[in-house]
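Chemist: Enclosed is the structure file input-v2.txt (compact mmCIF, C-alpha atoms).
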# COMPACT_ATOMS: atom_id res chain seq x y z
CA MET D 1 103.99 80.30 173.33
CA ALA D 2 101.47 78.14 171.43
CA LEU D 3 102.09 74.50 170.59
CA GLN D 4 103.84 74.16 167.23
CA ILE D 5 104.41 71.00 165.19
CA SER D 6 106.97 71.11 162.37
CA ALA D 7 106.44 67.96 160.28
CA THR D 8 107.69 66.39 157.05
CA ASN D 9 104.21 65.30 155.97
CA PRO D 10 100.91 67.22 156.22
CA GLU D 11 99.22 64.11 157.67
CA HIS D 12 101.50 63.92 160.69
CA PRO D 13 100.39 67.08 162.59
CA ALA D 14 96.77 65.90 162.63
CA LEU D 15 97.80 62.50 164.02
CA LEU D 16 100.23 63.99 166.53
CA LEU D 17 97.71 66.48 167.93
CA GLU D 18 95.92 63.61 169.65
CA LEU D 19 98.91 62.93 171.94
CA PRO D 20 99.18 64.44 175.47
CA TRP D 21 101.83 67.09 174.82
CA HIS D 22 100.85 68.93 178.03
CA VAL D 23 102.23 66.00 180.10
CA PRO D 24 105.98 65.42 180.69
CA LEU D 25 107.06 62.51 178.52
CA GLU D 26 108.09 60.26 181.43
CA GLU D 27 104.56 60.65 182.88
CA TRP D 28 102.58 59.80 179.74
CA PRO D 29 99.59 57.52 180.48
CA GLU D 30 99.90 53.87 179.45
CA GLU D 31 96.98 54.21 177.03
CA TYR D 32 99.18 56.23 174.65
CA LEU D 33 102.30 54.08 174.90
CA VAL D 34 103.49 51.00 173.04
CA PRO D 35 105.25 48.66 175.52
CA LEU D 36 108.44 47.88 173.61
CA PRO D 37 112.06 47.59 174.79
CA ARG D 38 114.20 50.71 174.61
CA GLY D 39 117.92 51.21 174.22
CA ILE D 40 120.01 53.43 176.49
CA SER D 41 119.52 57.16 175.88
CA ARG D 42 120.66 60.32 177.63
CA HIS D 43 117.15 61.68 177.03
CA VAL D 44 113.67 60.51 177.98
CA VAL D 45 112.33 58.36 175.12
CA ARG D 46 108.89 56.79 174.80
CA TYR D 47 107.16 54.80 172.06
CA ALA D 48 103.60 55.77 171.22
CA ARG D 49 100.94 55.20 168.60
CA ALA D 50 99.84 57.98 166.23
CA GLY D 51 97.05 56.72 164.00
CA ASP D 52 98.36 53.57 162.30
CA GLU D 53 101.99 54.42 162.98
CA VAL D 54 104.23 53.61 165.93
CA ILE D 55 106.54 56.51 166.73
CA ALA D 56 109.53 57.22 168.96
CA VAL D 57 109.28 60.45 170.98
CA LYS D 58 112.44 61.98 172.48
CA GLU D 59 112.56 65.01 174.79
CA LEU D 60 115.42 67.43 174.29
CA ALA D 61 116.08 71.16 174.04
CA GLU D 62 114.68 73.05 171.06
CA ARG D 63 117.92 73.88 169.24
CA PRO D 64 119.33 70.30 169.26
CA ALA D 65 115.88 68.93 168.44
CA LEU D 66 115.58 71.09 165.32
CA ARG D 67 119.19 70.41 164.37
CA GLU D 68 118.81 66.65 164.66
CA TYR D 69 115.54 66.80 162.72
CA GLU D 70 117.28 68.56 159.82
CA LEU D 71 120.28 66.22 159.93
CA LEU D 72 118.01 63.17 159.78
CA ARG D 73 116.22 64.72 156.80
CA ASP D 74 119.59 65.25 155.11
CA LEU D 75 120.55 61.63 155.73
CA ASP D 76 117.22 60.51 154.29
CA ARG D 77 117.88 62.52 151.12
CA LEU D 78 121.32 60.90 150.89
CA GLY D 79 119.84 57.42 151.25
CA ILE D 80 121.69 56.67 154.50
CA PRO D 81 120.12 54.04 156.82
CA ALA D 82 118.73 56.10 159.67
CA VAL D 83 115.43 56.52 161.47
CA ASP D 84 112.87 58.65 159.60
CA PRO D 85 112.24 62.10 161.10
CA LEU D 86 108.55 62.94 161.35
CA ALA D 87 108.26 66.12 163.41
CA VAL D 88 109.53 68.47 166.08
CA VAL D 89 106.99 69.65 168.66
CA THR D 90 107.75 72.94 170.45
CA GLY D 91 105.82 75.32 172.68
CA ARG D 92 104.78 72.57 175.09
CA THR D 93 103.39 73.61 178.49
CA ASP D 94 101.90 71.65 181.37
CA GLY D 95 98.48 72.18 182.95
CA ALA D 96 99.81 75.08 185.03
CA GLY D 97 101.38 76.79 182.03
CA ALA D 98 104.98 75.85 182.92
CA PRO D 99 107.18 75.14 179.86
CA LEU D 100 108.04 71.57 178.90
CA GLU D 101 110.95 70.43 176.74
CA PRO D 102 110.33 70.09 173.00
CA VAL D 103 110.33 66.62 171.46
CA LEU D 104 111.72 65.02 168.33
CA VAL D 105 109.41 62.46 166.71
CA THR D 106 110.75 59.67 164.48
CA ARG D 107 109.06 56.72 162.80
CA HIS D 108 109.25 53.24 164.30
CA LEU D 109 111.79 51.13 162.43
CA ARG D 110 109.85 47.91 162.04
CA GLY D 111 111.68 44.72 162.91
CA SER D 112 114.66 46.51 164.45
CA GLN D 113 116.32 45.84 167.79
CA PRO D 114 118.61 47.83 170.09
CA TYR D 115 121.72 45.89 170.93
CA ARG D 116 120.80 45.42 174.62
CA SER D 117 117.61 43.55 173.77
CA MET D 118 119.68 41.28 171.53
CA PHE D 119 121.89 40.40 174.53
CA GLU D 120 118.99 39.39 176.77
CA THR D 121 120.13 35.86 175.98
CA THR D 122 123.87 35.31 175.57
CA MET D 123 124.78 36.14 171.99
CA ARG D 124 127.22 33.88 170.16
CA PRO D 125 130.52 35.46 169.06
CA ALA D 126 129.70 34.74 165.39
CA THR D 127 126.55 36.87 165.70
CA MET D 128 128.55 39.64 167.34
CA HIS D 129 130.96 39.61 164.39
CA ARG D 130 127.98 40.18 162.08
CA LEU D 131 126.92 43.14 164.20
CA MET D 132 130.40 44.62 163.88
CA ASP D 133 130.28 44.12 160.10
CA ALA D 134 126.96 45.96 159.94
CA LEU D 135 128.21 48.83 162.09
CA ALA D 136 131.42 49.13 160.01
CA VAL D 137 129.38 49.30 156.80
CA LEU D 138 127.12 51.99 158.30
CA LEU D 139 130.12 54.08 159.40
CA VAL D 140 131.71 53.78 155.94
CA ARG D 141 128.45 54.83 154.29
CA LEU D 142 128.20 57.85 156.56
CA HIS D 143 131.78 58.87 155.85
CA LEU D 144 131.41 58.46 152.10
CA ALA D 145 128.45 60.85 152.32
CA GLY D 146 130.52 63.36 154.33
CA PHE D 147 128.73 62.77 157.65
CA ALA D 148 130.84 62.82 160.81
CA TRP D 149 128.78 60.95 163.43
CA GLY D 150 130.56 62.19 166.55
CA ASP D 151 129.14 59.43 168.75
CA CYS D 152 129.26 56.08 166.95
CA SER D 153 128.22 53.35 169.38
CA LEU D 154 126.03 50.29 169.71
CA SER D 155 123.61 52.36 171.80
CA ASN D 156 123.06 54.82 168.96
CA THR D 157 122.39 52.07 166.42
CA LEU D 158 119.46 49.81 165.62
CA PHE D 159 119.90 46.44 163.90
CA ARG D 160 117.60 44.61 161.50
CA ARG D 161 117.94 41.08 160.18
CA ASP D 162 119.25 41.06 156.63
CA ALA D 163 119.44 37.60 155.03
CA GLY D 164 121.50 35.96 157.75
CA ALA D 165 123.45 39.14 158.45
CA TYR D 166 122.37 42.45 159.99
CA ALA D 167 121.75 45.93 158.66
CA ALA D 168 122.64 48.83 160.96
CA TYR D 169 120.66 52.07 161.22
CA LEU D 170 121.71 55.35 162.82
CA VAL D 171 119.35 56.37 165.62
CA ASP D 172 120.94 59.43 167.22
CA ALA D 173 122.29 62.19 164.94
CA GLU D 174 122.45 64.83 167.68
CA THR D 175 126.27 65.03 167.62
CA GLY D 176 126.65 64.72 163.85
CA ASP D 177 127.90 67.15 161.21
CA LEU D 178 127.49 67.03 157.45
CA HIS D 179 130.41 68.17 155.27
CA PRO D 180 131.15 68.10 151.54
CA ARG D 181 133.98 65.68 152.35
CA LEU D 182 135.59 64.31 155.51
CA SER D 183 139.30 64.59 156.19
CA PRO D 184 141.29 61.54 157.34
CA GLY D 185 141.46 63.15 160.78
CA GLN D 186 137.68 63.45 161.02
CA ARG D 187 137.26 59.83 160.01
CA ASP D 188 139.92 58.67 162.47
CA TYR D 189 138.23 60.61 165.27
CA ASP D 190 134.89 58.93 164.55
CA LEU D 191 136.58 55.54 164.40
CA ASP D 192 138.41 56.05 167.70
CA LEU D 193 135.16 57.09 169.38
CA ALA D 194 133.52 53.93 168.04
CA ARG D 195 136.32 51.78 169.44
CA VAL D 196 136.12 53.35 172.92
CA ASN D 197 132.31 53.36 173.04
CA ILE D 198 131.91 49.75 171.87
CA SER D 199 134.53 48.46 174.32
CA GLY D 200 132.80 50.32 177.14
CA GLU D 201 129.37 48.98 176.20
CA LEU D 202 130.67 45.41 176.03
CA LEU D 203 132.46 45.81 179.38
CA ASP D 204 129.12 46.89 180.82
CA LEU D 205 127.47 43.77 179.38
CA GLU D 206 130.30 41.63 180.76
CA ALA D 207 129.74 43.07 184.25
CA SER D 208 126.03 42.19 184.02
CA GLY D 209 126.78 38.61 182.93
CA ALA D 210 125.19 39.10 179.48
CA LEU D 211 128.40 38.68 177.44
CA HIS D 212 129.68 35.38 176.08
CA PRO D 213 132.70 34.33 178.17
CA SER D 214 134.90 33.95 175.08
CA VAL D 215 134.40 37.58 174.03
CA ASP D 216 137.08 40.13 174.95
CA PRO D 217 135.41 43.60 175.04
CA ILE D 218 138.66 45.42 174.24
CA GLU D 219 139.43 43.20 171.24
CA PHE D 220 135.90 43.59 169.90
CA GLY D 221 136.16 47.35 170.23
CA THR D 222 139.37 47.24 168.22
CA GLU D 223 137.80 44.95 165.63
CA ILE D 224 135.47 47.68 164.39
CA CYS D 225 138.56 49.65 163.35
CA ALA D 226 140.01 46.72 161.38
CA ARG D 227 136.72 45.99 159.61
CA TYR D 228 136.15 49.66 158.78
CA THR D 229 139.71 50.10 157.47
CA ALA D 230 139.55 47.01 155.24
CA LEU D 231 136.24 48.10 153.71
CA TRP D 232 137.32 51.73 153.26
CA GLN D 233 140.53 50.69 151.49
CA GLU D 234 138.68 48.36 149.15
CA LEU D 235 136.22 51.11 148.24
CA THR D 236 138.68 53.96 147.78
CA ARG D 237 142.08 52.50 146.80
CA THR D 238 143.79 53.42 143.53
CA SER D 239 144.42 50.51 141.14
CA VAL D 240 147.18 50.31 138.50
CA TYR D 241 146.61 47.86 135.64
CA PRO D 242 148.56 46.94 132.48
CA ALA D 243 147.46 48.96 129.46
CA GLY D 244 144.82 47.18 127.42
CA LYS D 245 143.56 45.09 130.34
CA TYR D 246 140.34 47.09 130.66
CA HIS D 247 138.43 44.05 131.84
CA TYR D 248 140.39 44.44 135.09
CA ILE D 249 138.59 47.74 135.61
CA GLU D 250 135.24 46.05 134.98
CA ARG D 251 136.17 43.29 137.43
CA ARG D 252 137.00 45.89 140.10
CA ILE D 253 133.66 47.62 139.54
CA ARG D 254 131.85 44.29 139.83
CA ARG D 255 133.65 43.59 143.10
CA LEU D 256 132.53 46.96 144.46
CA ASN D 257 128.98 46.21 143.33
CA ASP D 258 129.15 42.85 145.11
CA LEU D 259 129.93 44.77 148.30
CA GLY D 260 126.73 46.74 147.67
CA PHE D 261 128.28 50.00 146.48
CA ASP D 262 127.91 51.93 143.23
CA VAL D 263 130.61 53.69 141.22
CA ALA D 264 129.30 57.14 140.31
CA GLU D 265 132.43 58.40 138.53
CA MET D 266 135.87 57.08 137.65
CA GLN D 267 139.22 58.60 136.77
CA ILE D 268 141.34 56.66 134.26
CA GLU D 269 144.82 57.92 133.44
CA HIS D 270 147.53 56.41 131.22
CA SER D 271 151.10 56.48 132.48
CA PRO D 272 153.63 58.65 130.56
CA THR D 273 155.08 55.51 128.99
CA GLY D 274 151.62 54.21 128.11
CA ASP D 275 152.20 50.78 129.59
CA THR D 276 149.91 51.12 132.64
CA VAL D 277 146.51 52.58 133.46
CA THR D 278 145.60 54.14 136.82
CA PHE D 279 141.98 53.66 137.92
CA VAL D 280 140.40 55.67 140.74
CA PRO D 281 136.70 54.92 141.43
CA LYS D 282 134.39 57.39 143.11
CA VAL D 283 132.26 55.11 145.22
CA VAL D 284 128.88 56.32 146.40
CA ASP D 285 126.34 55.10 148.92
CA ALA D 286 125.65 51.41 149.28
CA GLY D 287 122.45 49.92 147.94
CA HIS D 288 123.37 48.63 144.49
CA HIS D 289 121.33 45.44 144.86
CA GLN D 290 118.50 47.21 146.68
CA ARG D 291 118.04 49.63 143.81
CA GLN D 292 118.32 46.89 141.20
CA LEU D 293 115.69 44.75 142.93
CA LEU D 294 113.39 47.76 143.41
CA ARG D 295 113.76 48.73 139.74
CA LEU D 296 113.02 45.21 138.49
CA THR D 297 110.34 44.04 140.90
CA GLY D 298 109.12 46.93 143.04
CA LEU D 299 110.27 45.01 146.15
CA ASP D 300 112.01 47.11 148.80
CA ALA D 301 114.49 44.99 150.78
CA GLU D 302 117.73 45.23 152.72
CA GLU D 303 120.98 44.92 150.74
CA ASN D 304 121.81 41.28 151.54
CA GLN D 305 118.18 40.27 151.12
CA ALA D 306 118.12 42.00 147.73
CA ARG D 307 121.29 40.21 146.64
CA ARG D 308 119.80 36.84 147.59
CA LEU D 309 116.46 37.56 145.91
CA LEU D 310 118.21 38.72 142.73
CA ASN D 311 120.20 35.48 142.62
CA ASP D 312 116.99 33.49 142.90
CA LEU D 313 115.34 35.68 140.27
CA ASP D 314 118.26 35.11 137.88
CA SER D 315 118.07 31.34 138.40
CA TRP D 316 114.32 31.34 137.81
CA MET D 317 114.55 33.52 134.69
CA ALA D 318 117.08 31.09 133.19
CA THR D 319 114.37 28.39 133.26
CA GLN D 320 111.84 30.46 131.31
CA GLU D 321 111.35 29.73 127.63
CA ASP D 322 111.05 33.41 126.69
CA TYR D 323 114.30 34.35 128.47
CA ALA D 324 117.02 35.11 125.93
CA PRO D 325 119.49 37.87 126.91
CA GLY D 326 120.34 40.05 123.94
CA ASP D 327 117.36 38.90 121.87
CA PRO D 328 115.16 41.96 121.15
CA LEU D 329 112.14 39.65 120.66
CA ALA D 330 112.51 37.97 124.06
CA ALA D 331 110.68 39.09 127.19
CA ARG D 332 112.28 42.07 128.90
CA PRO D 333 113.87 41.42 132.33
CA GLU D 334 111.32 43.72 134.01
CA VAL D 335 108.46 41.64 132.59
CA LEU D 336 110.00 38.39 133.79
CA ALA D 337 110.80 39.91 137.18
CA HIS D 338 107.20 40.93 137.78
CA ARG D 339 106.09 37.46 136.69
CA TRP D 340 108.49 36.00 139.28
CA VAL D 341 107.00 38.24 141.99
CA ARG D 342 103.46 37.20 141.00
CA ASP D 343 104.02 33.48 140.47
CA VAL D 344 106.89 32.65 142.85
CA PHE D 345 107.70 35.24 145.50
CA ARG D 346 104.22 36.24 146.68
CA PRO D 347 102.66 32.76 146.73
CA THR D 348 105.68 31.41 148.62
CA VAL D 349 105.55 34.12 151.29
CA ARG D 350 101.77 33.85 151.62
CA ALA D 351 102.13 30.13 152.31
CA VAL D 352 103.71 31.03 155.67
CA PRO D 353 100.92 31.78 158.20
CA VAL D 354 100.93 35.40 159.36
CA GLU D 355 100.83 34.39 163.04
CA LEU D 356 104.11 32.48 162.63
CA ARG D 357 106.09 35.22 160.88
CA GLY D 358 106.91 37.28 163.95
CA THR D 359 109.08 40.31 163.09
CA MET D 360 110.30 38.91 159.76
CA ASP D 361 109.38 40.94 156.67
CA PRO D 362 108.51 39.17 153.38
CA ALA D 363 112.06 39.42 152.00
CA GLU D 364 113.54 37.85 155.13
CA ILE D 365 110.92 35.08 155.08
CA TYR D 366 111.77 34.29 151.47
CA HIS D 367 115.49 34.25 152.30
CA GLU D 368 114.85 31.85 155.20
CA LEU D 369 112.88 29.56 152.89
CA LEU D 370 115.69 29.57 150.31
CA GLU D 371 118.18 28.71 153.05
CA HIS D 372 115.97 25.86 154.26
CA ARG D 373 115.54 24.57 150.73
CA TRP D 374 119.34 24.53 150.29
CA TYR D 375 119.80 22.70 153.61
CA LEU D 376 117.22 20.02 152.80
CA SER D 377 118.53 19.62 149.25
CA GLU D 378 122.10 19.15 150.53
CA HIS D 379 120.87 16.48 152.92
CA ALA D 380 118.83 14.73 150.22
CA GLN D 381 121.55 15.16 147.58
CA HIS D 382 119.02 16.56 145.11
CA ASP D 383 116.83 19.65 144.78
CA ILE D 384 113.74 19.06 146.91
CA GLY D 385 111.86 22.06 145.46
CA LEU D 386 110.51 25.18 147.08
CA ASP D 387 107.05 23.79 147.92
CA THR D 388 108.53 20.95 149.95
CA ALA D 389 110.89 23.36 151.70
CA VAL D 390 108.00 25.65 152.64
CA GLU D 391 105.98 22.78 154.05
CA ASP D 392 108.88 21.49 156.15
CA TYR D 393 109.83 25.00 157.30
CA ILE D 394 106.31 25.70 158.57
CA LYS D 395 106.06 22.31 160.27
CA ASN D 396 109.51 21.93 161.84
CA ILE D 397 111.31 25.30 161.97
CA LEU D 398 108.84 28.11 162.67
CA PRO D 399 107.22 26.57 165.78
CA LYS D 400 110.65 26.34 167.44
CA ALA D 401 111.60 29.84 166.31
CA ARG D 402 108.44 31.26 167.89
CA GLU D 403 109.57 30.04 171.29
CA THR D 404 112.58 32.37 171.22
CA LEU D 405 111.17 35.11 168.98
CA GLU D 406 112.45 38.57 169.86
CA PRO D 407 109.98 41.49 170.05
CA THR D 408 109.76 44.22 167.46
CA VAL D 409 111.53 47.37 168.66
CA PRO D 410 110.75 50.79 167.21
CA GLU D 411 112.94 53.86 167.31
In structure tokens, what does this structure look like?

Modeler:
Amino acid sequence: MALQISATNPEHPALLLELPWHVPLEEWPEEYLVPLPRGISRHVVRYARAGDEVIAVKELAERPALREYELLRDLDRLGIPAVDPLAVVTGRTDGAGAPLEPVLVTRHLRGSQPYRSMFETTMRPATMHRLMDALAVLLVRLHLAGFAWGDCSLSNTLFRRDAGAYAAYLVDAETGDLHPRLSPGQRDYDLDLARVNISGELLDLEASGALHPSVDPIEFGTEICARYTALWQELTRTSVYPAGKYHYIERRIRRLNDLGFDVAEMQIEHSPTGDTVTFVPKVVDAGHHQRQLLRLTGLDAEENQARRLLNDLDSWMATQEDYAPGDPLAARPEVLAHRWVRDVFRPTVRAVPVELRGTMDPAEIYHELLEHRWYLSEHAQHDIGLDTAVEDYIKNILPKARETLEPTVPE
């Protein structure tokens, strides 16, 4: 059987042909590999360079490889945070003509980390709580889209910094199934698997001495259930309001938007007596602030980053003379937003030397600078301005951060 590459983009096969597919993955020469930390996997996984891209290559049987490839493509179409599928390579043989396992190729998720690399130094409990929040949000997003993961765990997740919090990305979709809608039993099964897997992973870290002594692995495994349940109820519960109080409905929608979710449809029913209104939102995938920021500015950021940048954009627009909401003669928000990107965002980010940025993307850098400005302003009891904050951040914060900077991890 001849070598075959099924890819999402016509450019990828040409780049991938340069890799040594005739060699078992665990024996690939160092010249092809990118030396980055890897999470735990039941399969052989290597990171390699294909042209200008860093890719993750995973060996597994043909049927599960093709199935996972299609599931990852489905998740991409649904806008779910997951690694990008690039190709499946089949028909591999070694130099003697013996068959080799097919591989699934995904794109490196820049700036991400597997949880084990994050525990190389003892992680504070507060940071672990943020990881659980991120994983709970990811699981809710998957379930809203009708995706049953089947193996939710820290090992099957990558984490990226997101404005002081973390964003979680699905890495392994091999055990997943996509349905029009999940039953409560399917969701409960996924949640119970998450609880057991996370407790087991944390017990393993505890045995290796990499877990903070105040952390109880069993309690943290249970915590994912509580966080998931609270978020799910907020997103899907039915609300009953007094008739005529329609601003309550708007307030509920705003609260859902603040959580990062959109309301695609809503059911509003009056009671038989007409004195109450029942409101049932149909919540769809998270990313409300991401989409709003992308629409206004063209900047692609994580959800929390986007929320923070939008707040700064709103504050800046309020200082502009041609900003007058509702005035048809005033500058449109899109015009002001692009002016903010040109005159504020880009110059501020460019002021931070490239060699000091590490794995932080421009949105995270800008968030860090806003945080530092707030801290210095609180200490000085007046606004010290962004330029002063940038100067102090470069001089006093980044050099120390570089000493403990974590490596970029692709998947």

Chemist: Quick one: everything within 9 Å of Val23 of chain D, counting only C-alpha atoms, minus sequence neighbours fewer than 6 positions away in the same chain. Send it as a list in words.

Modeler: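 The residues that qualify are Pro29, Arg92, Thr93, Asp94, Gly95 and Leu100 of chain D.
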
Chemist: Quick one: distance from atom CA of Gly221 of chain D to atom CA of Leu256 of chain D in Å, one decimal?

Modeler: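 These atoms are spaced 26.0 Å apart.
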
Chemist: Here is a test: counting only C-alpha atoms, which residue of D:Glu26, D:Glu174, D:Asp151, D:Glu31 is nearest to Asp192 of chain D?

Modeler: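 Ranked by minimum distance to Asp192 of chain D, first place goes to D:Asp151.
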
Chemist: Between atom CA of Glu250 of chain D and atom CA of Ser183 of chain D, what is the distance in Å, rounded to a tenth?

Modeler: 28.5 Å

Chemist: Using only C-alpha atoms, which of D:Ile249, D:Glu378, D:Gly244, D:Ser112 sits nearest Met266 of chain D?

Modeler: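 Once distances to Met266 of chain D are computed over only C-alpha atoms, the minimum belongs to D:Ile249.
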
Chemist: Do a neighbour search on segment 125-130 of chain D at 7 Å with only C-alpha atoms, toss out local chain neighbours closer than 5 positions, and write the hits as a PyMOL selection string.

Modeler: chain D and resi 165-166+215

Chemist: Smallest atom-to-atom distance to Arg161 of chain D: which of D:Glu321, D:Asp74, D:Asp216, D:Glu303, using all atoms listed in the file?

Modeler: D:Glu303

Chemist: Taking all atoms listed in the file into account, produce a table as a tab-separated table in which each residue of segment 120-140 of chain D with an atom at most 10 Å from an atom of segment 156-160 of chain D appears once, together with its shortest atom pair and the distance in Å to one decimal, ordered by chain and rising number.

Modeler:
residue	atom	partner	partner_atom	distance
D:Leu131	CA	D:Phe159	CA	7.8
D:Ala134	CA	D:Phe159	CA	8.1
D:Leu135	CA	D:Thr157	CA	7.9
D:Leu138	CA	D:Thr157	CA	9.4

Chemist: Rounded to one decimal, what separation in Å do you get between atom CA of Glu234 of chain D and atom CA of Met132 of chain D?

Modeler: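 These two atoms are separated by 17.3 Å.
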
Chemist: Should you be able to, write segment 313-358 of chain D of this structure into a file that contains C-alpha atoms, as an mmCIF file, in the first residue's frame.

Modeler:
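Here's the written file out28.cif:
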data_model
loop_
_atom_site.group_PDB
_atom_site.id
_atom_site.type_symbol
_atom_site.label_atom_id
_atom_site.label_comp_id
_atom_site.auth_asym_id
_atom_site.auth_seq_id
_atom_site.Cartn_x
_atom_site.Cartn_y
_atom_site.Cartn_z
ATOM 1 C CA LEU D 313 -11.314 49.836 24.519
ATOM 2 C CA ASP D 314 -14.588 51.120 26.006
ATOM 3 C CA SER D 315 -12.695 53.318 28.485
ATOM 4 C CA TRP D 316 -10.484 54.711 25.731
ATOM 5 C CA MET D 317 -13.407 55.380 23.375
ATOM 6 C CA ALA D 318 -15.151 57.385 26.112
ATOM 7 C CA THR D 319 -12.213 59.841 26.033
ATOM 8 C CA GLN D 320 -12.470 60.484 22.287
ATOM 9 C CA GLU D 321 -14.132 63.679 21.109
ATOM 10 C CA ASP D 322 -15.913 61.964 18.206
ATOM 11 C CA TYR D 323 -17.397 59.240 20.442
ATOM 12 C CA ALA D 324 -21.130 59.796 20.890
ATOM 13 C CA PRO D 325 -23.266 56.631 21.139
ATOM 14 C CA GLY D 326 -26.520 57.028 19.253
ATOM 15 C CA ASP D 327 -25.317 60.020 17.232
ATOM 16 C CA PRO D 328 -25.412 59.066 13.515
ATOM 17 C CA LEU D 329 -22.768 61.732 12.779
ATOM 18 C CA ALA D 330 -20.274 60.384 15.326
ATOM 19 C CA ALA D 331 -17.505 57.925 14.489
ATOM 20 C CA ARG D 332 -18.673 54.325 14.265
ATOM 21 C CA PRO D 333 -17.401 51.944 16.994
ATOM 22 C CA GLU D 334 -15.479 49.909 14.393
ATOM 23 C CA VAL D 335 -13.599 53.039 13.277
ATOM 24 C CA LEU D 336 -12.683 53.962 16.835
ATOM 25 C CA ALA D 337 -11.715 50.372 17.621
ATOM 26 C CA HIS D 338 -9.256 50.216 14.741
ATOM 27 C CA ARG D 339 -7.848 53.572 15.819
ATOM 28 C CA TRP D 340 -7.336 52.107 19.318
ATOM 29 C CA VAL D 341 -5.492 49.114 17.832
ATOM 30 C CA ARG D 342 -3.276 51.421 15.749
ATOM 31 C CA ASP D 343 -2.574 54.126 18.331
ATOM 32 C CA VAL D 344 -2.757 52.264 21.658
ATOM 33 C CA PHE D 345 -2.655 48.476 21.492
ATOM 34 C CA ARG D 346 0.085 47.888 18.919
ATOM 35 C CA PRO D 347 2.512 50.589 20.113
ATOM 36 C CA THR D 348 2.124 49.370 23.703
ATOM 37 C CA VAL D 349 2.830 45.737 22.829
ATOM 38 C CA ARG D 350 5.738 46.669 20.561
ATOM 39 C CA ALA D 351 7.331 48.574 23.436
ATOM 40 C CA VAL D 352 7.986 45.211 25.132
ATOM 41 C CA PRO D 353 11.181 43.676 23.670
ATOM 42 C CA VAL D 354 10.517 40.450 21.765
ATOM 43 C CA GLU D 355 13.247 38.585 23.664
ATOM 44 C CA LEU D 356 11.460 39.278 26.967
ATOM 45 C CA ARG D 357 7.977 38.161 25.924
ATOM 46 C CA GLY D 358 8.533 34.429 26.249
#
